[in-house]
>>> print(open('model_17.txt').read())   # compact mmCIF, C-alpha atoms
# COMPACT_ATOMS: atom_id res chain seq x y z
CA MET A 227 -8.36 5.28 26.03
CA GLY A 228 -6.98 8.60 24.89
CA GLY A 229 -7.41 12.24 25.80
CA ALA A 230 -3.68 12.67 26.40
CA VAL A 231 -3.32 15.54 23.90
CA SER A 232 -5.51 18.37 22.65
CA ALA A 233 -7.79 17.87 19.69
CA GLY A 234 -6.60 19.16 16.33
CA ALA A 235 -8.47 21.20 13.75
CA ASP A 236 -7.15 18.81 11.09
CA ASN A 237 -4.83 15.83 10.77
CA ASP A 238 -1.64 17.92 10.72
CA GLU A 239 -2.58 19.81 13.87
CA LEU A 240 -3.33 16.52 15.64
CA ILE A 241 0.15 15.28 14.67
CA ASP A 242 1.66 18.57 15.89
CA ASN A 243 0.03 17.98 19.27
CA LEU A 244 1.26 14.38 19.43
CA LYS A 245 4.79 15.57 18.65
CA GLU A 246 4.65 18.29 21.27
CA ALA A 247 3.54 15.74 23.86
CA GLN A 248 6.38 13.40 22.81
CA TYR A 249 4.12 10.59 21.62
CA ILE A 250 5.63 10.92 18.14
CA ARG A 251 9.40 11.08 18.41
CA THR A 252 10.89 9.96 15.08
CA GLU A 253 10.69 11.36 11.56
CA LEU A 254 9.60 8.09 9.94
CA VAL A 255 6.61 7.78 12.26
CA GLU A 256 5.69 11.43 11.80
CA GLN A 257 5.76 11.12 8.01
CA ALA A 258 3.51 8.06 8.11
CA PHE A 259 0.97 9.77 10.39
CA ARG A 260 0.87 12.89 8.21
CA ALA A 261 0.51 10.87 5.01
CA ILE A 262 -2.76 9.18 6.03
CA ASP A 263 -5.67 11.30 7.18
CA ARG A 264 -7.27 9.67 10.22
CA ALA A 265 -10.68 11.05 9.23
CA ASP A 266 -10.66 8.91 6.08
CA TYR A 267 -11.14 5.84 8.30
CA TYR A 268 -14.24 7.20 10.03
CA LEU A 269 -17.80 6.84 8.86
CA GLU A 270 -19.02 10.14 7.43
CA GLU A 271 -21.38 10.96 10.31
CA PHE A 272 -18.60 10.59 12.90
CA LYS A 273 -15.80 12.53 11.20
CA ASP A 274 -16.17 15.52 13.53
CA ASN A 275 -14.42 13.41 16.18
CA ALA A 276 -11.59 12.17 13.97
CA TYR A 277 -8.94 14.59 15.27
CA LYS A 278 -9.65 14.09 18.94
CA ASP A 279 -7.28 11.92 20.95
CA LEU A 280 -10.01 9.39 21.62
CA ALA A 281 -10.80 5.84 20.61
CA TRP A 282 -13.82 5.31 18.33
CA LYS A 283 -16.08 2.29 18.01
CA HIS A 284 -19.15 1.70 15.89
CA GLY A 285 -20.44 -1.85 15.69
CA ASN A 286 -17.42 -4.02 14.91
CA ILE A 287 -15.41 -1.07 13.55
CA HIS A 288 -12.85 0.28 15.99
CA LEU A 289 -9.97 2.77 16.04
CA SER A 290 -7.64 3.22 19.00
CA ALA A 291 -6.75 6.70 20.23
CA PRO A 292 -4.00 8.51 18.28
CA CYS A 293 -1.70 8.56 21.33
CA ILE A 294 -1.90 4.74 21.50
CA TYR A 295 -1.12 4.29 17.80
CA SER A 296 1.80 6.71 18.21
CA GLU A 297 3.31 4.69 21.04
CA VAL A 298 2.78 1.47 19.09
CA MET A 299 4.45 2.80 15.95
CA GLU A 300 7.43 4.12 17.91
CA ALA A 301 7.80 0.89 19.91
CA LEU A 302 7.75 -1.30 16.77
CA ASP A 303 10.92 0.40 15.45
CA LEU A 304 9.88 -0.19 11.85
CA GLN A 305 12.38 -0.33 8.99
CA PRO A 306 12.05 -0.92 5.24
CA GLY A 307 11.91 -4.55 4.19
CA LEU A 308 10.65 -6.02 7.49
CA SER A 309 7.69 -8.36 7.88
CA PHE A 310 4.72 -7.20 9.98
CA LEU A 311 1.72 -9.05 11.41
CA ASN A 312 -1.25 -7.06 12.76
CA LEU A 313 -3.51 -9.16 14.99
CA GLY A 314 -6.94 -7.54 15.08
CA SER A 315 -6.17 -5.36 12.05
CA GLY A 316 -9.54 -3.59 12.11
CA THR A 317 -9.96 -0.69 9.69
CA GLY A 318 -6.45 -1.10 8.29
CA TYR A 319 -5.42 2.40 9.43
CA LEU A 320 -2.38 1.17 11.36
CA SER A 321 -1.46 -1.41 8.71
CA SER A 322 -1.48 1.29 6.01
CA MET A 323 0.80 3.57 8.04
CA VAL A 324 3.14 0.64 8.64
CA GLY A 325 3.11 -0.13 4.90
CA LEU A 326 4.45 3.34 4.11
CA ILE A 327 7.57 2.55 6.15
CA LEU A 328 8.07 -1.11 5.12
CA GLY A 329 8.34 -0.23 1.44
CA PRO A 330 7.78 -2.50 -1.59
CA PHE A 331 9.89 -5.39 -0.31
CA GLY A 332 8.30 -5.73 3.11
CA VAL A 333 5.52 -8.08 4.23
CA ASN A 334 2.31 -6.60 5.65
CA HIS A 335 -0.33 -9.06 6.92
CA GLY A 336 -3.40 -8.59 9.09
CA VAL A 337 -5.78 -10.99 10.83
CA GLU A 338 -9.29 -9.75 11.64
CA LEU A 339 -12.10 -11.69 13.29
CA HIS A 340 -15.01 -9.91 11.56
CA SER A 341 -15.49 -10.25 7.80
CA ASP A 342 -17.48 -6.99 7.61
CA VAL A 343 -14.52 -5.12 9.10
CA ILE A 344 -12.17 -6.64 6.51
CA GLU A 345 -14.52 -5.44 3.78
CA TYR A 346 -14.46 -1.95 5.34
CA ALA A 347 -10.63 -2.04 5.57
CA GLU A 348 -10.27 -3.04 1.92
CA GLN A 349 -12.55 -0.19 0.86
CA LYS A 350 -10.44 2.29 2.83
CA LEU A 351 -7.22 0.83 1.41
CA ASP A 352 -8.55 1.12 -2.13
CA PHE A 353 -9.60 4.73 -1.48
CA PHE A 354 -6.11 5.59 -0.19
CA ILE A 355 -4.35 4.02 -3.18
CA ARG A 356 -6.68 5.64 -5.74
CA THR A 357 -6.95 9.15 -4.33
CA SER A 358 -4.13 10.09 -1.96
CA ASP A 359 -1.14 12.08 -3.21
CA SER A 360 0.79 10.55 -0.31
CA PHE A 361 0.78 7.24 -2.19
CA ASP A 362 3.23 8.65 -4.75
CA LYS A 363 5.55 10.01 -2.05
CA PHE A 364 6.25 6.54 -0.64
CA ASP A 365 7.03 3.04 -1.83
CA PHE A 366 4.06 1.26 -0.33
CA CYS A 367 3.79 -2.26 1.11
CA GLU A 368 0.13 -3.00 0.56
CA PRO A 369 -1.53 -4.85 3.47
CA SER A 370 -3.20 -8.24 2.98
CA PHE A 371 -6.02 -9.15 5.37
CA VAL A 372 -7.41 -12.57 6.28
CA THR A 373 -10.48 -13.45 8.32
CA GLY A 374 -10.13 -15.52 11.46
CA ASN A 375 -9.30 -15.63 15.15
CA CYS A 376 -5.69 -14.62 15.76
CA LEU A 377 -5.41 -17.30 18.45
CA GLU A 378 -5.93 -19.98 15.79
CA ILE A 379 -3.05 -19.21 13.43
CA ALA A 380 -1.68 -22.36 11.81
CA PRO A 381 1.38 -23.60 13.72
CA ASP A 382 3.43 -23.92 10.52
CA CYS A 383 3.05 -20.24 9.61
CA SER A 384 6.07 -18.03 9.01
CA GLN A 385 7.44 -15.93 11.84
CA TYR A 386 7.54 -12.14 11.61
CA ASP A 387 9.97 -9.32 12.38
CA ARG A 388 7.24 -7.20 13.98
CA VAL A 389 3.91 -8.18 15.55
CA TYR A 390 1.20 -6.03 17.07
CA CYS A 391 -1.95 -7.21 18.82
CA GLY A 392 -4.80 -4.71 19.11
CA ALA A 393 -6.69 -6.48 21.90
CA GLY A 394 -5.91 -7.30 25.50
CA VAL A 395 -3.82 -10.48 25.72
CA GLN A 396 -4.43 -12.84 28.60
CA LYS A 397 -1.37 -14.11 30.43
CA GLU A 398 -1.94 -17.67 29.22
CA HIS A 399 -1.55 -16.52 25.59
CA GLU A 400 1.75 -14.66 26.10
CA GLU A 401 3.93 -17.58 24.93
CA TYR A 402 1.72 -18.12 21.88
CA MET A 403 2.27 -14.47 20.87
CA LYS A 404 6.03 -14.67 21.47
CA ASN A 405 6.35 -17.66 19.17
CA LEU A 406 5.08 -15.59 16.23
CA LEU A 407 8.34 -13.60 16.36
CA LYS A 408 11.63 -14.16 14.61
CA VAL A 409 14.80 -13.84 16.67
CA GLY A 410 15.51 -10.10 16.84
CA GLY A 411 11.84 -9.33 16.35
CA ILE A 412 9.59 -7.02 18.37
CA LEU A 413 6.12 -7.76 19.72
CA VAL A 414 3.88 -4.95 21.02
CA MET A 415 0.64 -5.85 22.80
CA PRO A 416 -1.59 -4.94 25.75
CA LEU A 417 -0.66 -7.40 28.48
CA GLU A 418 -2.14 -7.19 31.98
CA GLU A 419 -3.37 -3.61 31.45
CA LYS A 420 0.02 -2.40 30.19
CA LEU A 421 1.10 -1.72 26.62
CA THR A 422 4.13 -4.00 26.53
CA LYS A 423 7.13 -4.28 24.19
CA ILE A 424 8.81 -7.69 24.01
CA THR A 425 12.02 -8.18 22.03
CA ARG A 426 13.15 -11.69 21.12
CA THR A 427 16.91 -11.62 21.75
CA GLY A 428 17.48 -15.36 21.19
CA PRO A 429 15.65 -18.64 20.51
CA SER A 430 14.43 -18.67 24.11
CA ALA A 431 15.53 -15.25 25.38
CA TRP A 432 13.33 -12.15 25.72
CA GLU A 433 13.48 -8.56 26.91
CA THR A 434 10.27 -6.99 28.21
CA LYS A 435 9.45 -3.31 28.64
CA LYS A 436 6.22 -1.81 29.96
CA ILE A 437 5.33 1.31 27.95
CA LEU A 438 2.16 2.74 29.50
CA ALA A 439 -1.08 1.77 31.23
CA VAL A 440 -3.89 0.99 28.78
CA SER A 441 -7.38 -0.46 28.74
CA PHE A 442 -8.20 -2.77 25.82
CA ALA A 443 -11.07 -5.17 25.25
CA PRO A 444 -9.73 -8.72 25.72
CA LEU A 445 -9.05 -11.15 22.89
CA ILE A 446 -12.08 -13.21 21.95
CA GLN A 447 -11.47 -16.87 22.69
CA PRO A 448 -11.72 -19.33 19.79
CA CYS A 449 -14.95 -21.21 19.19
CA ARG A 450 -14.69 -24.87 18.28
CA SER A 451 -16.42 -26.06 15.14
CA GLU A 452 -19.22 -28.60 15.32
CA SER A 453 -16.67 -31.35 14.77
CA GLY A 454 -14.64 -30.05 17.71
CA LYS A 455 -11.68 -29.06 15.53
CA GLN A 456 -9.95 -25.69 15.42
CA ARG A 457 -10.57 -23.44 12.43
CA LEU A 458 -6.92 -22.78 11.64
CA VAL A 459 -6.08 -19.39 10.12
CA GLN A 460 -3.82 -19.66 7.09
CA LEU A 461 -1.76 -16.52 6.61
CA PRO A 462 -0.94 -15.33 3.07
CA PRO A 463 2.06 -17.04 1.49
CA PRO A 464 5.18 -14.97 0.76
CA ALA A 465 4.48 -12.88 -2.32
CA VAL A 466 6.87 -13.12 -5.27
CA ARG A 467 6.83 -9.96 -7.35
CA SER A 468 6.75 -10.24 -11.12
CA LEU A 469 9.55 -8.83 -13.24
CA GLN A 470 7.05 -6.27 -14.57
CA ASP A 471 6.21 -5.11 -11.06
CA LEU A 472 9.89 -4.90 -10.09
CA ALA A 473 10.52 -2.79 -13.20
CA ARG A 474 7.73 -0.39 -12.18
CA ILE A 475 9.23 -0.02 -8.69
CA ALA A 476 12.69 0.64 -10.16
CA ILE A 477 11.42 3.19 -12.70
CA ARG A 478 9.40 5.09 -10.09
CA GLY A 479 12.44 5.10 -7.80
CA THR A 480 14.67 6.49 -10.55
CA ILE A 481 12.15 9.24 -11.38
CA LYS A 482 11.96 10.23 -7.69
CA LYS A 483 15.76 10.54 -7.58
CA VAL A 484 15.71 12.76 -10.68
CA ILE A 485 13.02 14.97 -9.11
CA HIS A 486 15.05 15.22 -5.91
CA GLN A 487 18.19 16.21 -7.84
CA GLU A 488 16.30 18.80 -9.89
CA THR A 489 14.75 20.30 -6.78
CA ALA A 490 18.10 20.35 -4.99
CA SER A 491 19.79 22.11 -7.89
CA ARG A 492 17.07 24.78 -7.98
CA SER A 493 16.88 25.43 -4.25
CA GLY A 494 20.42 24.56 -3.25
CA SER A 495 19.13 22.95 -0.07
CA GLY A 496 17.49 19.71 -1.14
CA LEU A 497 13.89 18.66 -1.24
CA LYS A 498 11.81 20.43 1.34
CA ASN A 499 8.30 19.72 2.54
CA THR A 500 5.65 22.22 1.58
CA PRO A 501 5.10 24.54 4.56
CA ARG A 502 1.85 23.72 6.25
CA PHE A 503 -0.81 26.27 7.05
CA LYS A 504 -0.88 26.75 10.80
CA ARG A 505 -3.92 28.23 12.49
CA ARG A 506 -2.85 30.89 14.96
CA ARG A 507 -5.05 32.39 17.60
CA VAL A 508 -4.83 35.71 19.38
CA ARG A 509 -5.44 35.43 23.12
CA ARG A 510 -6.44 38.58 24.94
CA ARG A 511 -5.07 38.84 28.46
CA ARG A 512 -6.79 40.81 31.21
CA MET A 513 -4.55 43.40 32.88
CA GLU A 514 -4.56 43.44 36.66
CA THR A 515 -2.88 46.11 38.78
CA ILE A 516 -2.26 46.37 42.51
CA VAL A 517 -1.60 49.87 43.88
CA PHE A 518 0.16 50.57 47.19
CA LEU A 519 -0.28 53.79 49.15
CA ASP A 520 1.72 54.32 52.34
CA LYS A 521 2.42 50.60 52.67
CA GLU A 522 -1.27 49.67 52.41
CA VAL A 523 -3.17 48.19 49.53
CA PHE A 524 -5.45 50.80 48.05
CA ALA A 525 -6.98 48.68 45.26
CA SER A 526 -6.69 45.01 44.40
CA ARG A 527 -7.58 45.47 40.73
CA ILE A 528 -7.88 48.34 38.30
CA SER A 529 -9.70 47.59 35.08
CA SER A 530 -7.91 48.30 31.86
CA PRO A 531 -9.59 50.91 29.62
CA SER A 532 -10.71 48.20 27.21
CA ASP A 533 -12.70 46.31 29.90
CA ASP A 534 -16.45 46.36 29.34
CA ASN A 535 -18.82 47.13 32.18
CA SER A 536 -20.94 44.15 31.20
CA CYS A 537 -19.52 40.75 32.16
CA GLU A 538 -21.50 39.05 29.42
CA ASP A 539 -20.22 41.41 26.73
CA SER A 540 -16.67 41.01 28.01
CA GLU A 541 -16.88 37.23 27.88
CA LYS A 542 -18.34 37.31 24.38
CA GLU A 543 -15.64 39.69 23.21
CA ARG A 544 -12.94 37.46 24.73
CA GLN A 545 -14.27 34.43 22.88
CA GLU A 546 -14.37 36.32 19.60
CA GLU A 547 -10.78 37.46 20.10
CA GLU A 548 -9.64 33.91 20.83
CA GLU A 549 -11.16 32.65 17.61
CA LYS A 550 -9.70 35.48 15.54
CA VAL A 551 -7.29 34.13 12.93
CA LEU A 552 -4.37 36.31 12.00
CA PRO A 553 -4.16 37.02 8.27
CA ASP A 554 -2.04 34.16 6.96
CA THR A 555 -1.67 33.12 3.39
CA LYS A 556 -2.45 29.48 2.80
CA PRO A 557 0.21 27.77 0.70
CA ASP A 558 -0.69 26.40 -2.69
CA PRO A 559 -1.77 22.76 -2.75
CA PRO A 560 1.25 20.43 -2.99
CA VAL A 561 2.25 19.40 -6.49
CA ASN A 562 2.54 15.72 -7.35
CA PHE A 563 5.84 15.95 -9.22
CA LEU A 564 6.07 12.21 -9.78
CA ARG A 565 2.76 12.14 -11.59
CA GLN A 566 3.69 15.17 -13.68
CA LYS A 567 7.01 13.60 -14.66
CA VAL A 568 5.50 10.24 -15.59
CA LEU A 569 2.77 11.84 -17.71
CA SER A 570 5.40 13.88 -19.58
CA LEU A 571 7.44 10.80 -20.58
CA PRO A 572 7.38 9.74 -24.27
CA LEU A 573 5.65 6.46 -23.46
CA PRO A 574 2.38 4.81 -24.54
CA GLU A 575 -0.52 5.95 -22.39
CA PRO A 576 -1.26 2.48 -20.98
CA LEU A 577 2.34 2.21 -19.75
CA LYS A 578 2.16 5.64 -18.10
CA TYR A 579 -0.94 4.66 -16.16
CA TYR A 580 0.60 1.35 -15.21
CA LEU A 581 3.51 3.30 -13.69
CA LEU A 582 0.93 5.36 -11.80
CA TYR A 583 -0.91 2.25 -10.55
CA TYR A 584 -3.89 3.38 -12.65
CA ARG A 585 -4.62 6.14 -10.18
CA GLU A 586 -7.09 8.68 -11.57
CA LYS A 587 -6.16 11.69 -9.42
>>> encode(input="model_17.txt", output="structure tokens")
Amino acid sequence: MGGAVSAGADNDELIDNLKEAQYIRTELVEQAFRAIDRADYYLEEFKDNAYKDLAWKHGNIHLSAPCIYSEVMEALDLQPGLSFLNLGSGTGYLSSMVGLILGPFGVNHGVELHSDVIEYAEQKLDFFIRTSDSFDKFDFCEPSFVTGNCLEIAPDCSQYDRVYCGAGVQKEHEEYMKNLLKVGGILVMPLEEKLTKITRTGPSAWETKKILAVSFAPLIQPCRSESGKQRLVQLPPPAVRSLQDLARIAIRGTIKKVIHQETASRSGSGLKNTPRFKRRRVRRRRMETIVFLDKEVFASRISSPSDDNSCEDSEKERQEEEEKVLPDTKPDPPVNFLRQKVLSLPLPEPLKYYLLYYREK
């Protein structure tokens, strides 16, 4: 699946293309997509394809096309504090973007069939937390992943506000998926070759909307153990944050407000995003002229003076002109004001680094 939008030169240009094509329509979703570089979830040797609107699969590792993730994120209608269950959580790319919106008091769980993929997802999550400046711009709901078949979730598990399934759901499993939802919740899944949004409007009432045609690999059916019993998947219990952790969240929130106020007082227009460098290309157009003499066509085309007599040279020159980048000044790298402010506080060093989640960057 994919190929709905043009490839980008980088993550931001890919998001620009998704916005232009109306796959990304809300600011919250746009911010989440820009905050996490899709290429970070690719193996090094495949990163050249990261900004194409195409799915990627290598062994058990899989990423859906950006246009699919965009539609999913928009359909989920995510808000801070909600609970989210990702069935077939894969690399954790989608779960991490969702976590940026859910905030510190949300719930972010994933179920993945392959243990090697969970190990890969946890490595990518750790890399994001340790190295990305985006981490300090958001209050993050860290995903928790468990290994197992998502069709074997324990029947006494909690229900969720939002559920996404990243594999094709057979019709006979539709009711099972619906029962994972709280009343008022939203389920997004591929059902009968259509990406489908189901809203639970009451204990036994549902609204269904078909979003777009998709092609997903089907859910893998559960395998019985040697004893013939199901291997039930136990989802993580509700996490209770410590008073120390709550204090860190509150302090970071207060510092962000101070930074926002200081920036607003300096600029007079509030906190603005750093302008992004946009690659611009010059396209050379061929001039064509039709000349009429006494009501008859004398010539169908007159070459412009800049046309070359050699077709090969002309084509080469056209390609060079298309790739020409106008002289733009790249903006300075964004400043992590939160980190600067925390490090300047008159606090013991261990406490400063606790407030920064021990991030080295």
>>> atom_distance(input="model_17.txt", atom1="CA of Ser493 in chain A", atom2="CA of Lys567 in chain A")
18.6 Å
>>> atom_distance(input="model_17.txt", atom1="CA of Pro306 in chain A", atom2="CA of Leu254 in chain A")
10.5 Å
>>> residues_near_point(input="model_17.txt", point="(-8.8, -9.8, 9.2)", cutoff="6 Å", atoms="all atoms listed in the file", output="ChimeraX atom specification")
/A:315,336-339,344,371-373
>>> atom_distance(input="model_17.txt", atom1="CA of Gln487 in chain A", atom2="CA of Ala473 in chain A")
21.2 Å
>>> residues_around(input="model_17.txt", residues="Phe310 in chain A", least_positions_apart="3", cutoff="10 Å", atoms="all atoms listed in the file", output="MDAnalysis selection string")
chainID A and resid 302 304 307 313 321 324:325 328 332:336 369 385:390 407 411:413
>>> residues_around(input="model_17.txt", residues="Glu378 in chain A", least_positions_apart="5", cutoff="12 Å", atoms="only C-alpha atoms", output="list in words")
Leu313, Val337, Glu338, Leu339, Thr373, Cys383, His399, Tyr402, Met403, Leu406, Leu445, Ile446, Gln447, Pro448, Cys449, Arg450, Lys455, Gln456, Arg457, Leu458, Val459, Gln460 and Leu461 of chain A
>>> residues_near_point(input="model_17.txt", point="(-0.2, -6.7, 27.3)", cutoff="12 Å", atoms="only C-alpha atoms", output="NGL selection string")
:A and (298 or 390-401 or 403-404 or 413-424 or 434-445)
>>> closest_residue(input="model_17.txt", among="A:Arg426, A:Asp274, A:Glu297, A:Leu351", to="Thr252 in chain A", atoms="only C-alpha atoms")
A:Glu297
>>> closest_residue(input="model_17.txt", among="A:Asp359, A:Asp382, A:Asp266, A:Asp365", to="Glu586 in chain A", atoms="all atoms listed in the file")
A:Asp359
>>> closest_residue(input="model_17.txt", among="A:Val466, A:Asp236, A:Asn375, A:Trp282", to="Ser341 in chain A", atoms="only C-alpha atoms")
A:Asn375
>>> decode(input="model_17.txt", residues="range 365-383 of chain A", atoms="N, CA, C and O atoms", output="PDB file, in the first residue's frame")
ATOM      1  N   ASP A 365       4.873  16.094  26.452  1.00  0.00           N
ATOM      2  CA  ASP A 365       4.752  15.236  27.631  1.00  0.00           C
ATOM      3  C   ASP A 365       4.378  13.863  27.087  1.00  0.00           C
ATOM      4  O   ASP A 365       3.285  13.661  26.571  1.00  0.00           O
ATOM      5  N   PHE A 366       5.282  12.916  27.233  1.00  0.00           N
ATOM      6  CA  PHE A 366       5.226  11.660  26.488  1.00  0.00           C
ATOM      7  C   PHE A 366       4.580  10.549  27.304  1.00  0.00           C
ATOM      8  O   PHE A 366       4.873  10.379  28.485  1.00  0.00           O
ATOM      9  N   CYS A 367       3.706   9.788  26.660  1.00  0.00           N
ATOM     10  CA  CYS A 367       3.151   8.565  27.242  1.00  0.00           C
ATOM     11  C   CYS A 367       3.921   7.393  26.641  1.00  0.00           C
ATOM     12  O   CYS A 367       3.669   7.003  25.502  1.00  0.00           O
ATOM     13  N   GLU A 368       4.849   6.868  27.406  1.00  0.00           N
ATOM     14  CA  GLU A 368       5.740   5.830  26.878  1.00  0.00           C
ATOM     15  C   GLU A 368       4.971   4.536  26.613  1.00  0.00           C
ATOM     16  O   GLU A 368       4.243   4.048  27.477  1.00  0.00           O
ATOM     17  N   PRO A 369       5.133   3.946  25.421  1.00  0.00           N
ATOM     18  CA  PRO A 369       4.437   2.698  25.125  1.00  0.00           C
ATOM     19  C   PRO A 369       5.004   1.522  25.926  1.00  0.00           C
ATOM     20  O   PRO A 369       6.196   1.484  26.244  1.00  0.00           O
ATOM     21  N   SER A 370       4.126   0.560  26.238  1.00  0.00           N
ATOM     22  CA  SER A 370       4.528  -0.720  26.826  1.00  0.00           C
ATOM     23  C   SER A 370       4.089  -1.824  25.876  1.00  0.00           C
ATOM     24  O   SER A 370       2.933  -1.844  25.447  1.00  0.00           O
ATOM     25  N   PHE A 371       5.009  -2.727  25.535  1.00  0.00           N
ATOM     26  CA  PHE A 371       4.720  -3.781  24.571  1.00  0.00           C
ATOM     27  C   PHE A 371       4.724  -5.150  25.255  1.00  0.00           C
ATOM     28  O   PHE A 371       5.553  -5.411  26.135  1.00  0.00           O
ATOM     29  N   VAL A 372       3.803  -6.010  24.833  1.00  0.00           N
ATOM     30  CA  VAL A 372       3.781  -7.387  25.312  1.00  0.00           C
ATOM     31  C   VAL A 372       3.749  -8.320  24.107  1.00  0.00           C
ATOM     32  O   VAL A 372       3.222  -7.977  23.053  1.00  0.00           O
ATOM     33  N   THR A 373       4.326  -9.503  24.301  1.00  0.00           N
ATOM     34  CA  THR A 373       4.373 -10.501  23.229  1.00  0.00           C
ATOM     35  C   THR A 373       3.144 -11.402  23.289  1.00  0.00           C
ATOM     36  O   THR A 373       2.737 -11.837  24.365  1.00  0.00           O
ATOM     37  N   GLY A 374       2.557 -11.656  22.126  1.00  0.00           N
ATOM     38  CA  GLY A 374       1.435 -12.585  22.074  1.00  0.00           C
ATOM     39  C   GLY A 374       0.574 -12.342  20.854  1.00  0.00           C
ATOM     40  O   GLY A 374       0.789 -11.398  20.090  1.00  0.00           O
ATOM     41  N   ASN A 375      -0.406 -13.218  20.669  1.00  0.00           N
ATOM     42  CA  ASN A 375      -1.360 -13.078  19.579  1.00  0.00           C
ATOM     43  C   ASN A 375      -2.518 -12.208  20.044  1.00  0.00           C
ATOM     44  O   ASN A 375      -3.137 -12.488  21.076  1.00  0.00           O
ATOM     45  N   CYS A 376      -2.822 -11.162  19.294  1.00  0.00           N
ATOM     46  CA  CYS A 376      -3.843 -10.203  19.743  1.00  0.00           C
ATOM     47  C   CYS A 376      -5.243 -10.797  19.742  1.00  0.00           C
ATOM     48  O   CYS A 376      -6.182 -10.177  20.266  1.00  0.00           O
ATOM     49  N   LEU A 377      -5.406 -11.995  19.185  1.00  0.00           N
ATOM     50  CA  LEU A 377      -6.706 -12.667  19.248  1.00  0.00           C
ATOM     51  C   LEU A 377      -6.841 -13.526  20.499  1.00  0.00           C
ATOM     52  O   LEU A 377      -7.863 -14.200  20.684  1.00  0.00           O
ATOM     53  N   GLU A 378      -5.831 -13.484  21.371  1.00  0.00           N
ATOM     54  CA  GLU A 378      -5.853 -14.273  22.598  1.00  0.00           C
ATOM     55  C   GLU A 378      -5.724 -13.390  23.838  1.00  0.00           C
ATOM     56  O   GLU A 378      -5.183 -13.808  24.857  1.00  0.00           O
ATOM     57  N   ILE A 379      -6.213 -12.170  23.763  1.00  0.00           N
ATOM     58  CA  ILE A 379      -6.164 -11.279  24.924  1.00  0.00           C
ATOM     59  C   ILE A 379      -7.114 -11.804  25.996  1.00  0.00           C
ATOM     60  O   ILE A 379      -8.239 -12.223  25.710  1.00  0.00           O
ATOM     61  N   ALA A 380      -6.646 -11.788  27.233  1.00  0.00           N
ATOM     62  CA  ALA A 380      -7.438 -12.301  28.353  1.00  0.00           C
ATOM     63  C   ALA A 380      -8.787 -11.594  28.417  1.00  0.00           C
ATOM     64  O   ALA A 380      -8.858 -10.360  28.285  1.00  0.00           O
ATOM     65  N   PRO A 381      -9.870 -12.346  28.601  1.00  0.00           N
ATOM     66  CA  PRO A 381     -11.208 -11.743  28.581  1.00  0.00           C
ATOM     67  C   PRO A 381     -11.468 -10.741  29.699  1.00  0.00           C
ATOM     68  O   PRO A 381     -12.374  -9.917  29.595  1.00  0.00           O
ATOM     69  N   ASP A 382     -10.672 -10.800  30.775  1.00  0.00           N
ATOM     70  CA  ASP A 382     -10.884  -9.866  31.880  1.00  0.00           C
ATOM     71  C   ASP A 382     -10.027  -8.604  31.764  1.00  0.00           C
ATOM     72  O   ASP A 382      -9.896  -7.844  32.727  1.00  0.00           O
ATOM     73  N   CYS A 383      -9.456  -8.363  30.584  1.00  0.00           N
ATOM     74  CA  CYS A 383      -8.600  -7.183  30.414  1.00  0.00           C
ATOM     75  C   CYS A 383      -9.440  -5.904  30.418  1.00  0.00           C
ATOM     76  O   CYS A 383     -10.652  -5.928  30.185  1.00  0.00           O
TER      77      CYS A 383
END
